[in-house]
>>> print(open('input.cif').read())   # mmCIF, C-alpha atoms and all ligand atoms
data_protein
loop_
_atom_site.label_atom_id
_atom_site.label_comp_id
_atom_site.auth_asym_id
_atom_site.auth_seq_id
_atom_site.Cartn_x
_atom_site.Cartn_y
_atom_site.Cartn_z
CA MET A 39 106.65 18.23 -29.11
CA PHE A 40 104.25 16.59 -31.54
CA GLY A 41 104.44 16.11 -35.30
CA PRO A 42 102.78 14.08 -38.05
CA GLU A 43 104.09 10.86 -36.42
CA GLU A 44 102.06 11.49 -33.26
CA LEU A 45 98.99 12.45 -35.30
CA ALA A 46 99.24 9.19 -37.25
CA ALA A 47 99.90 7.20 -34.07
CA VAL A 48 96.75 8.29 -32.22
CA GLN A 49 94.61 7.43 -35.25
CA LYS A 50 95.58 3.76 -35.08
CA PRO A 51 93.73 2.76 -31.86
CA ILE A 52 90.76 4.82 -33.03
CA GLU A 53 90.72 2.89 -36.31
CA THR A 54 90.93 -0.52 -34.61
CA GLY A 55 88.47 0.46 -31.86
CA TRP A 56 90.76 -0.78 -29.06
CA VAL A 57 91.19 2.39 -27.05
CA VAL A 58 91.46 1.18 -23.44
CA GLN A 59 94.75 -0.14 -22.04
CA GLY A 60 95.85 -2.66 -24.66
CA PRO A 61 98.52 -3.47 -27.24
CA PHE A 62 99.96 0.05 -27.60
CA VAL A 63 100.34 0.43 -23.84
CA LYS A 64 102.14 -2.91 -23.80
CA THR A 65 104.52 -1.80 -26.58
CA PHE A 66 105.11 1.55 -24.88
CA GLU A 67 105.97 -0.32 -21.65
CA SER A 68 108.51 -2.55 -23.42
CA ARG A 69 110.11 0.36 -25.26
CA PHE A 70 110.33 2.37 -22.06
CA ALA A 71 111.84 -0.56 -20.14
CA ALA A 72 114.44 -1.06 -22.89
CA PHE A 73 115.28 2.66 -22.91
CA ALA A 74 115.72 2.84 -19.12
CA GLY A 75 117.46 -0.54 -18.95
CA VAL A 76 115.04 -2.01 -16.44
CA PRO A 77 113.29 -5.40 -16.47
CA HIS A 78 109.72 -4.12 -15.87
CA ALA A 79 107.77 -1.00 -16.80
CA VAL A 80 104.10 -0.60 -15.85
CA ALA A 81 102.10 2.29 -17.35
CA ALA A 82 99.52 4.25 -15.35
CA SER A 83 97.16 7.16 -15.87
CA SER A 84 99.64 9.68 -14.38
CA CYS A 85 102.84 9.82 -12.40
CA THR A 86 100.83 10.56 -9.25
CA THR A 87 98.72 7.43 -9.70
CA ALA A 88 101.87 5.44 -10.52
CA LEU A 89 103.31 6.64 -7.22
CA HIS A 90 100.08 5.73 -5.44
CA LEU A 91 100.26 2.22 -6.89
CA ALA A 92 103.91 1.76 -5.93
CA LEU A 93 103.31 2.80 -2.32
CA ALA A 94 100.21 0.57 -2.17
CA ALA A 95 102.28 -2.35 -3.48
CA LEU A 96 104.95 -1.65 -0.84
CA GLY A 97 102.27 -1.72 1.86
CA VAL A 98 102.67 1.79 3.29
CA GLY A 99 100.21 2.26 6.16
CA ARG A 100 98.91 4.51 8.91
CA GLY A 101 101.63 5.68 11.29
CA ASP A 102 104.49 5.06 8.85
CA GLU A 103 106.91 7.88 8.07
CA VAL A 104 108.33 8.43 4.59
CA ILE A 105 111.18 10.86 3.90
CA VAL A 106 110.60 13.27 1.01
CA PRO A 107 112.42 16.42 -0.13
CA ALA A 108 110.99 19.74 1.02
CA PHE A 109 111.30 21.17 -2.53
CA THR A 110 109.24 19.07 -4.93
CA TRP A 111 105.87 18.91 -6.60
CA VAL A 112 103.18 18.38 -3.95
CA SER A 113 102.15 14.95 -5.20
CA THR A 114 105.40 13.38 -3.90
CA ALA A 115 104.07 14.09 -0.39
CA HIS A 116 100.33 13.89 -1.13
CA VAL A 117 100.61 10.24 -2.03
CA VAL A 118 102.16 9.44 1.36
CA GLU A 119 99.21 11.23 2.98
CA TYR A 120 96.72 9.10 1.01
CA PHE A 121 97.77 6.14 3.20
CA GLY A 122 97.48 7.98 6.52
CA ALA A 123 101.28 7.93 6.65
CA THR A 124 103.40 11.03 7.35
CA PRO A 125 105.70 12.68 4.82
CA VAL A 126 108.81 13.81 6.68
CA PHE A 127 110.29 16.72 4.75
CA CYS A 128 114.04 17.20 4.39
CA ASP A 129 115.90 20.22 3.15
CA ILE A 130 117.67 20.18 -0.20
CA ASP A 131 121.08 20.98 -1.58
CA LEU A 132 120.68 24.42 -3.17
CA ALA A 133 123.26 23.69 -5.90
CA THR A 134 121.36 20.71 -7.35
CA PHE A 135 117.83 21.40 -5.96
CA ASN A 136 117.81 17.72 -4.86
CA LEU A 137 117.45 16.06 -1.47
CA ASN A 138 120.43 16.34 0.88
CA PRO A 139 121.20 12.74 2.00
CA ASP A 140 122.81 13.93 5.28
CA VAL A 141 119.66 15.81 6.27
CA ALA A 142 117.58 12.78 5.25
CA ALA A 143 119.69 10.48 7.47
CA ASP A 144 119.05 12.77 10.46
CA ALA A 145 115.29 12.53 9.86
CA VAL A 146 115.13 8.73 10.25
CA THR A 147 113.09 7.52 13.26
CA ALA A 148 111.80 4.13 14.38
CA ARG A 149 108.70 4.76 12.26
CA THR A 150 110.54 5.50 9.01
CA VAL A 151 109.79 2.87 6.36
CA GLY A 152 111.11 4.44 3.17
CA ILE A 153 112.54 7.39 1.30
CA ILE A 154 111.48 9.06 -1.94
CA PRO A 155 114.39 10.89 -3.59
CA VAL A 156 113.23 13.15 -6.43
CA HIS A 157 115.30 13.64 -9.61
CA LEU A 158 114.29 17.23 -10.03
CA PHE A 159 114.25 18.91 -13.44
CA GLY A 160 116.11 15.96 -15.01
CA LEU A 161 119.10 15.74 -12.65
CA CYS A 162 119.52 12.55 -10.61
CA ALA A 163 119.58 12.81 -6.82
CA GLU A 164 122.77 11.53 -5.17
CA MET A 165 121.71 7.91 -5.44
CA ASP A 166 124.88 6.27 -4.14
CA ARG A 167 124.54 8.15 -0.84
CA VAL A 168 120.74 7.73 -0.71
CA MET A 169 121.04 3.97 -1.30
CA ALA A 170 123.80 3.60 1.32
CA MET A 171 121.77 5.54 3.87
CA ALA A 172 118.63 3.49 3.09
CA ALA A 173 120.54 0.22 3.44
CA ARG A 174 121.92 1.31 6.83
CA HIS A 175 118.40 1.98 8.10
CA HIS A 176 116.60 -0.85 6.24
CA LEU A 177 114.37 1.51 4.25
CA TRP A 178 112.84 0.97 0.84
CA VAL A 179 113.74 3.53 -1.83
CA VAL A 180 111.32 4.62 -4.51
CA GLU A 181 112.47 7.28 -6.96
CA ASP A 182 110.25 10.13 -8.07
CA ALA A 183 111.60 10.32 -11.61
CA ALA A 184 108.65 12.41 -12.86
CA CYS A 185 111.15 14.80 -14.49
CA GLY A 186 113.92 12.23 -14.92
CA PHE A 187 113.58 11.02 -18.50
CA GLY A 188 117.15 10.68 -19.85
CA ALA A 189 118.82 11.35 -16.48
CA ARG A 190 121.68 8.99 -15.69
CA ILE A 191 124.55 8.48 -13.27
CA ALA A 192 127.58 6.71 -14.78
CA GLY A 193 125.33 5.49 -17.60
CA ARG A 194 122.63 4.11 -15.30
CA HIS A 195 119.17 5.58 -15.83
CA CYS A 196 117.20 6.98 -12.92
CA GLY A 197 114.29 4.84 -11.78
CA THR A 198 116.59 1.79 -11.69
CA PHE A 199 118.47 2.41 -8.42
CA GLY A 200 115.77 1.85 -5.81
CA ASP A 201 112.95 -0.67 -5.39
CA ALA A 202 110.94 1.23 -8.01
CA GLY A 203 110.77 4.53 -9.87
CA TRP A 204 108.03 6.45 -11.60
CA PHE A 205 107.93 8.88 -14.51
CA SER A 206 105.47 11.53 -15.67
CA PHE A 207 104.25 12.15 -19.22
CA HIS A 208 102.49 15.42 -18.38
CA PRO A 209 102.96 17.95 -21.24
CA ARG A 210 105.70 19.78 -19.32
CA LYS A 211 107.83 16.64 -19.35
CA SER A 212 110.39 15.66 -22.02
CA ILE A 213 108.08 13.09 -23.60
CA THR A 214 104.33 13.36 -23.15
CA THR A 215 101.14 11.37 -23.56
CA GLY A 216 98.91 14.26 -22.43
CA ALA A 217 98.68 12.75 -18.97
CA GLY A 218 100.36 9.49 -18.05
CA GLY A 219 102.94 7.79 -15.90
CA MET A 220 105.24 4.76 -15.79
CA ILE A 221 106.54 2.62 -12.93
CA THR A 222 109.95 1.03 -13.44
CA THR A 223 111.24 -1.79 -11.28
CA ALA A 224 113.59 -4.74 -11.28
CA ARG A 225 111.32 -6.49 -8.76
CA ALA A 226 108.92 -8.89 -10.49
CA ASP A 227 106.65 -8.91 -7.41
CA LEU A 228 106.22 -5.12 -7.51
CA ALA A 229 105.63 -5.15 -11.29
CA GLU A 230 102.96 -7.80 -10.96
CA ARG A 231 101.26 -6.13 -8.01
CA THR A 232 101.21 -2.61 -9.47
CA ALA A 233 99.87 -3.94 -12.80
CA MET A 234 97.07 -5.68 -10.93
CA LEU A 235 96.27 -2.75 -8.63
CA ARG A 236 96.03 -0.25 -11.53
CA ASP A 237 93.25 -2.39 -13.04
CA HIS A 238 90.76 -2.62 -10.14
CA GLY A 239 92.84 -5.42 -8.59
CA ALA A 240 92.00 -7.76 -11.50
CA SER A 241 94.14 -10.87 -11.77
CA ARG A 242 94.03 -10.74 -15.62
CA SER A 243 94.05 -7.69 -17.91
CA ASP A 244 91.35 -6.99 -20.54
CA LEU A 245 93.94 -7.67 -23.22
CA ALA A 246 94.82 -11.12 -21.79
CA ARG A 247 91.11 -11.98 -21.50
CA HIS A 248 90.34 -10.91 -25.06
CA GLN A 249 93.35 -12.71 -26.47
CA GLY A 250 92.41 -15.93 -24.60
CA THR A 251 89.97 -18.54 -25.93
CA ALA A 252 87.99 -19.22 -22.74
CA ALA A 253 85.30 -16.54 -23.04
CA PHE A 254 83.78 -17.57 -19.69
CA LEU A 255 86.98 -16.82 -17.74
CA VAL A 256 86.76 -13.54 -15.89
CA ALA A 257 89.41 -12.03 -13.64
CA GLU A 258 89.70 -12.73 -9.91
CA TYR A 259 89.75 -9.81 -7.44
CA HIS A 260 91.83 -10.63 -4.38
CA HIS A 261 92.93 -7.06 -3.61
CA LEU A 262 91.44 -3.60 -3.38
CA GLY A 263 92.49 -1.97 -6.67
CA TYR A 264 92.06 1.31 -8.52
CA ASN A 265 91.22 2.39 -12.04
CA TYR A 266 94.57 3.92 -12.96
CA ARG A 267 94.94 2.48 -16.46
CA MET A 268 96.56 4.35 -19.33
CA THR A 269 94.43 4.38 -22.50
CA ASP A 270 95.74 2.89 -25.73
CA ILE A 271 95.44 6.31 -27.38
CA GLN A 272 97.99 7.56 -24.83
CA GLY A 273 100.00 4.34 -25.34
CA ALA A 274 100.19 4.99 -29.10
CA LEU A 275 101.30 8.57 -28.41
CA GLY A 276 103.95 7.22 -26.02
CA CYS A 277 105.29 4.83 -28.69
CA ALA A 278 105.61 7.71 -31.17
CA GLN A 279 107.38 9.85 -28.55
CA MET A 280 109.82 7.04 -27.75
CA ALA A 281 110.74 6.88 -31.44
CA ARG A 282 112.01 10.47 -31.25
CA ALA A 283 113.31 10.34 -27.66
CA ALA A 284 117.01 10.37 -28.65
CA TRP A 285 116.49 13.48 -30.79
CA ILE A 286 114.44 15.22 -28.05
CA LEU A 287 117.18 14.64 -25.48
CA GLU A 288 119.92 15.65 -27.87
CA ARG A 289 118.14 18.94 -28.65
CA ARG A 290 117.45 19.64 -24.98
CA ARG A 291 121.11 19.10 -24.12
CA ALA A 292 122.35 21.24 -26.99
CA ILE A 293 120.09 24.15 -26.00
CA ALA A 294 121.09 23.75 -22.34
CA ALA A 295 124.81 23.75 -23.31
CA GLU A 296 124.27 27.01 -25.18
CA TYR A 297 122.60 28.54 -22.11
CA ASP A 298 125.46 27.27 -19.91
CA ASP A 299 127.97 29.00 -22.17
CA ARG A 300 126.12 32.24 -22.52
CA LEU A 301 125.01 32.62 -18.91
CA THR A 302 128.53 32.60 -17.48
CA SER A 303 128.62 36.35 -18.17
CA LEU A 304 125.56 36.95 -15.92
CA GLU A 305 126.89 36.92 -12.37
CA TRP A 306 123.42 37.21 -10.90
CA LEU A 307 122.11 33.94 -12.31
CA GLU A 308 123.40 30.48 -11.32
CA PRO A 309 122.85 27.92 -14.10
CA PRO A 310 122.09 24.24 -13.26
CA VAL A 311 125.01 22.39 -11.69
CA ILE A 312 125.91 18.90 -12.97
CA PRO A 313 128.02 16.68 -10.70
CA THR A 314 130.76 14.63 -12.41
CA GLY A 315 129.43 11.45 -14.02
CA TYR A 316 125.83 12.72 -14.14
CA GLU A 317 123.86 13.17 -17.36
CA HIS A 318 121.16 15.82 -17.14
CA GLY A 319 117.89 15.17 -18.99
CA TYR A 320 116.94 18.90 -18.91
CA GLN A 321 113.23 18.41 -18.38
CA ALA A 322 113.64 22.03 -17.37
CA TYR A 323 116.50 24.53 -17.31
CA VAL A 324 116.18 25.91 -13.79
CA CYS A 325 118.57 28.59 -12.54
CA LEU A 326 118.93 30.32 -9.19
CA PHE A 327 118.44 34.07 -9.11
CA ARG A 328 121.23 35.27 -6.86
CA PRO A 329 122.40 38.85 -7.39
CA GLU A 330 123.77 38.42 -3.85
CA ALA A 331 124.26 35.28 -1.73
CA PRO A 332 120.69 34.32 -0.77
CA THR A 333 119.74 33.99 2.90
CA LEU A 334 116.45 33.89 4.77
CA ALA A 335 117.08 37.54 5.70
CA ASN A 336 117.29 38.83 2.11
CA VAL A 337 115.11 36.28 0.31
CA ASP A 338 111.97 38.46 0.26
CA ARG A 339 113.83 41.38 -1.29
CA LEU A 340 115.53 39.19 -3.92
CA HIS A 341 112.20 37.47 -4.60
CA ALA A 342 110.60 40.84 -5.37
CA THR A 343 113.41 41.69 -7.82
CA ARG A 344 113.17 38.25 -9.47
CA ASN A 345 109.43 38.76 -9.91
CA THR A 346 110.03 42.13 -11.56
CA VAL A 347 112.43 40.42 -13.99
CA MET A 348 109.84 37.69 -14.69
CA THR A 349 107.04 40.22 -15.25
CA THR A 350 109.16 42.22 -17.71
CA LEU A 351 110.04 39.01 -19.58
CA GLU A 352 106.37 37.99 -19.73
CA GLN A 353 105.52 41.37 -21.24
CA ARG A 354 108.21 40.76 -23.88
CA GLY A 355 106.78 37.33 -24.73
CA VAL A 356 109.33 35.23 -22.78
CA ALA A 357 107.64 32.73 -20.46
CA THR A 358 109.54 31.91 -17.25
CA ARG A 359 108.42 30.07 -14.12
CA GLN A 360 109.78 29.20 -10.70
CA GLY A 361 111.27 25.66 -10.65
CA THR A 362 108.73 23.97 -8.39
CA HIS A 363 107.31 24.46 -4.89
CA ALA A 364 108.62 24.17 -1.37
CA ALA A 365 105.97 21.47 -0.85
CA ALA A 366 106.69 21.45 2.89
CA LEU A 367 105.61 25.10 3.08
CA VAL A 368 102.38 25.07 1.09
CA ASP A 369 99.39 25.80 3.34
CA TYR A 370 98.27 22.19 3.66
CA TYR A 371 101.59 20.89 5.04
CA ALA A 372 102.76 24.02 6.84
CA GLY A 373 99.40 24.14 8.66
CA LYS A 374 99.06 20.43 9.39
CA TYR A 375 102.64 19.88 10.64
CA THR A 376 103.48 23.46 11.76
CA LEU A 377 106.38 23.84 9.33
CA THR A 378 108.34 27.06 8.75
CA PRO A 379 110.95 28.34 6.27
CA GLN A 380 113.53 28.29 9.10
CA GLN A 381 113.34 24.47 9.06
CA PHE A 382 113.90 24.29 5.27
CA PRO A 383 115.93 27.36 4.33
CA ASN A 384 117.24 25.97 1.02
CA ALA A 385 113.82 24.73 -0.10
CA TRP A 386 112.36 28.14 0.72
CA ILE A 387 115.14 29.98 -1.14
CA ALA A 388 114.68 27.63 -4.13
CA ASP A 389 110.93 28.29 -4.08
CA ARG A 390 111.39 32.06 -3.98
CA LEU A 391 114.43 32.45 -6.24
CA SER A 392 114.39 29.68 -8.86
CA LEU A 393 113.91 30.79 -12.44
CA THR A 394 113.13 28.41 -15.32
CA LEU A 395 114.18 29.56 -18.77
CA PRO A 396 112.34 28.47 -21.94
CA LEU A 397 113.71 25.23 -23.39
CA TYR A 398 111.95 23.12 -26.00
CA PRO A 399 113.43 20.86 -28.71
CA GLN A 400 112.35 23.01 -31.64
CA MET A 401 113.77 26.22 -30.11
CA THR A 402 115.81 28.09 -32.74
CA GLY A 403 119.10 29.91 -32.21
CA GLU A 404 117.31 33.24 -32.83
CA GLU A 405 114.69 32.44 -30.19
CA GLN A 406 117.35 31.56 -27.65
CA GLN A 407 119.28 34.72 -28.47
CA PHE A 408 116.08 36.73 -27.94
CA VAL A 409 115.57 35.10 -24.50
CA LEU A 410 119.17 35.89 -23.50
CA ASP A 411 118.96 39.50 -24.69
CA GLU A 412 115.65 40.08 -22.95
CA LEU A 413 116.88 38.43 -19.76
CA ALA A 414 119.87 40.76 -19.52
CA ARG A 415 117.69 43.76 -20.34
CA ALA A 416 115.00 42.81 -17.79
CA PHE A 417 117.59 42.48 -15.03
CA ARG A 418 119.18 45.84 -15.82
CA ALA A 419 115.74 47.47 -15.71
CA ALA A 420 114.84 45.74 -12.43
CA VAL A 421 117.93 46.95 -10.57
CA SER A 422 118.28 50.41 -12.12
C1 LIG B 501 108.56 15.84 -9.01
C2 LIG B 501 107.19 15.47 -9.51
N1 LIG B 501 106.54 14.43 -8.96
C3 LIG B 501 105.31 14.07 -9.39
C4 LIG B 501 104.67 14.76 -10.40
C5 LIG B 501 103.30 14.35 -10.82
O1 LIG B 501 103.19 14.01 -12.18
P1 LIG B 501 101.78 13.82 -12.87
O2 LIG B 501 101.29 15.18 -13.25
O3 LIG B 501 102.05 12.97 -14.07
O4 LIG B 501 100.88 13.14 -11.90
C6 LIG B 501 105.30 15.86 -10.99
C7 LIG B 501 104.64 16.63 -12.06
O5 LIG B 501 104.96 17.72 -12.39
C8 LIG B 501 106.59 16.23 -10.54
O6 LIG B 501 107.26 17.28 -11.05
#
>>> encode(input="input.cif", output="structure tokens", more="lines below")
Ligand SMILES: Cc1ncc(COP(=O)(O)O)c(C=O)c1O
Amino acid sequence: MFGPEELAAVQKPIETGWVVQGPFVKTFESRFAAFAGVPHAVAASSCTTALHLALAALGVGRGDEVIVPAFTWVSTAHVVEYFGATPVFCDIDLATFNLNPDVAADAVTARTVGIIPVHLFGLCAEMDRVMAMAARHHLWVVEDAACGFGARIAGRHCGTFGDAGWFSFHPRKSITTGAGGMITTARADLAERTAMLRDHGASRSDLARHQGTAAFLVAEYHHLGYNYRMTDIQGALGCAQMARAAWILERRRAIAAEYDDRLTSLEWLEPPVIPTGYEHGYQAYVCLFRPEAPTLANVDRLHATRNTVMTTLEQRGVATRQGTHAAALVDYYAGKYTLTPQQFPNAWIADRLSLTLPLYPQMTGEEQQFVLDELARAFRAAVS
């Protein structure tokens, strides 16, 4: 959400005239690093470009295999494809919507170089098991924490477990800069390399050049880079969002707790599950529509009923969405690698039967009550 603070923040770079990646991006990076408890944070133009930079810095190449969950936003896999490498999809745990580490371990081959666990909807993947499995097979781990702002395990923030993590500031995320992303890492080499690659491969940033006294010194270009810089207007917005991050997370958790309480009476809807010791960031409140135990045999029928519920809610002014996609089963991947729902039953069920309820920090008690009333009514109408 935005308020007068964000409006004032974006005016500042416009007033000074420094609108490309500069001082506000730098401040946003330090605030983000302090929040996540990580030594380095490197901003980028989106989470997808941040992911692209991280894989470039790790040296992913043609013929490599990278393990990714079958239920995730497509860019988790797309970025692997950018390098001519192969995303190897693994089925998820239906209770958490996150990667199943046992399935991931079975997918390791001699070509596997790394694994990308995704912290979907603000709930951390099972990082202790993912890290143990990766160590056994000598894989790097990079965390897709696009939705993970505020998600922790035993107090440790996501994006700090593996070699690197990346976050999204798309408007559907808990804090937003319009578009934008952030790489987090404890590895100084990865921080330095991603910062250089996001800026055409330049050895010095614009800010460092302008703050220096040797006007004749230009950057060196030793590597093939990209233009994936965040603007300072976005950086200023990010700083303002960080200032209200604690409140945003507190509100999200309070609204989610109210849903948890109230949804126990609806046997047909499974609210998000939180393993012991995990803190959910609630980027989204994603439930599973399960009037009966879902299987591949009944998923189409249940999907049709869920869609009827969603359509009725839409007509009543309540916006719902499915959680995300079974990326493995979108046309591009299903066609290219001949993938079927039978290989990823949980991802397919999650794709067909997930249901995201409205959740935003400024949501009032009356609005939430309205959603709950309409939800119950829409289900009764759909099955009557
Ligand atoms: C799991 C996941 N990964 C990556 C992304 C990409 O983020 P961006 O839109 O910032 O590139 C998203 C965005 O929704 C996402 O949900």
>>> residues_near_ligand(input="input.cif", ligand="ligand LIG 501 (chain B)", cutoff="10 Å", atoms="only C-alpha atoms and all ligand atoms", output="PyMOL selection string")
chain A and resi 82-90+107+109-117+155-160+181-186+204-211+214-220+321+361-363
>>> closest_residue(input="input.cif", among="A:Phe40, A:Phe135, A:Tyr320, A:Phe187", to="A:Phe73", atoms="all atoms listed in the file")
A:Phe187
>>> closest_residue(input="input.cif", among="A:Pro332, A:Gly355, A:Pro313, A:Gly276", to="A:Arg69", atoms="all atoms listed in the file")
A:Gly276
>>> closest_residue(input="input.cif", among="A:Val141, A:Val118, A:Leu262, A:Ala420", to="A:Gln381", atoms="all atoms listed in the file")
A:Val141
>>> atom_distance(input="input.cif", atom1="atom CA of A:Pro139", atom2="atom CA of A:Ala172")
9.7 Å
>>> build_atoms(input="input.cif", residues="stretch 138-154 of chain A", atoms="N, CA and C atoms", output="tab-separated table (two decimals), in the coordinates of the input")
chain	number	residue	atom	x	y	z
A	138	ASN	N	119.11	16.44	0.25
A	138	ASN	CA	120.43	16.34	0.88
A	138	ASN	C	120.45	15.05	1.71
A	139	PRO	N	121.23	14.04	1.31
A	139	PRO	CA	121.20	12.74	2.00
A	139	PRO	C	121.59	12.83	3.49
A	140	ASP	N	122.44	13.80	3.85
A	140	ASP	CA	122.81	13.93	5.28
A	140	ASP	C	121.61	14.37	6.11
A	141	VAL	N	120.85	15.33	5.56
A	141	VAL	CA	119.66	15.81	6.27
A	141	VAL	C	118.64	14.67	6.36
A	142	ALA	N	118.54	13.90	5.27
A	142	ALA	CA	117.58	12.78	5.25
A	142	ALA	C	117.96	11.76	6.34
A	143	ALA	N	119.26	11.48	6.47
A	143	ALA	CA	119.69	10.48	7.47
A	143	ALA	C	119.31	10.94	8.88
A	144	ASP	N	119.40	12.25	9.14
A	144	ASP	CA	119.05	12.77	10.46
A	144	ASP	C	117.55	12.68	10.74
A	145	ALA	N	116.76	12.54	9.68
A	145	ALA	CA	115.29	12.53	9.86
A	145	ALA	C	114.74	11.13	10.12
A	146	VAL	N	115.61	10.12	10.06
A	146	VAL	CA	115.13	8.73	10.25
A	146	VAL	C	114.71	8.52	11.71
A	147	THR	N	113.55	7.90	11.91
A	147	THR	CA	113.09	7.52	13.26
A	147	THR	C	112.70	6.04	13.21
A	148	ALA	N	112.22	5.54	14.33
A	148	ALA	CA	111.80	4.13	14.38
A	148	ALA	C	110.60	3.87	13.47
A	149	ARG	N	109.89	4.94	13.11
A	149	ARG	CA	108.70	4.76	12.26
A	149	ARG	C	109.00	4.88	10.77
A	150	THR	N	110.22	5.29	10.42
A	150	THR	CA	110.54	5.50	9.01
A	150	THR	C	110.56	4.17	8.26
A	151	VAL	N	109.81	4.12	7.15
A	151	VAL	CA	109.79	2.87	6.36
A	151	VAL	C	110.47	3.03	5.01
A	152	GLY	N	110.54	4.27	4.51
A	152	GLY	CA	111.11	4.44	3.17
A	152	GLY	C	111.49	5.88	2.89
A	153	ILE	N	112.11	6.06	1.73
A	153	ILE	CA	112.54	7.39	1.30
A	153	ILE	C	112.22	7.55	-0.18
A	154	ILE	N	111.78	8.77	-0.53
A	154	ILE	CA	111.48	9.06	-1.94
A	154	ILE	C	112.41	10.18	-2.42
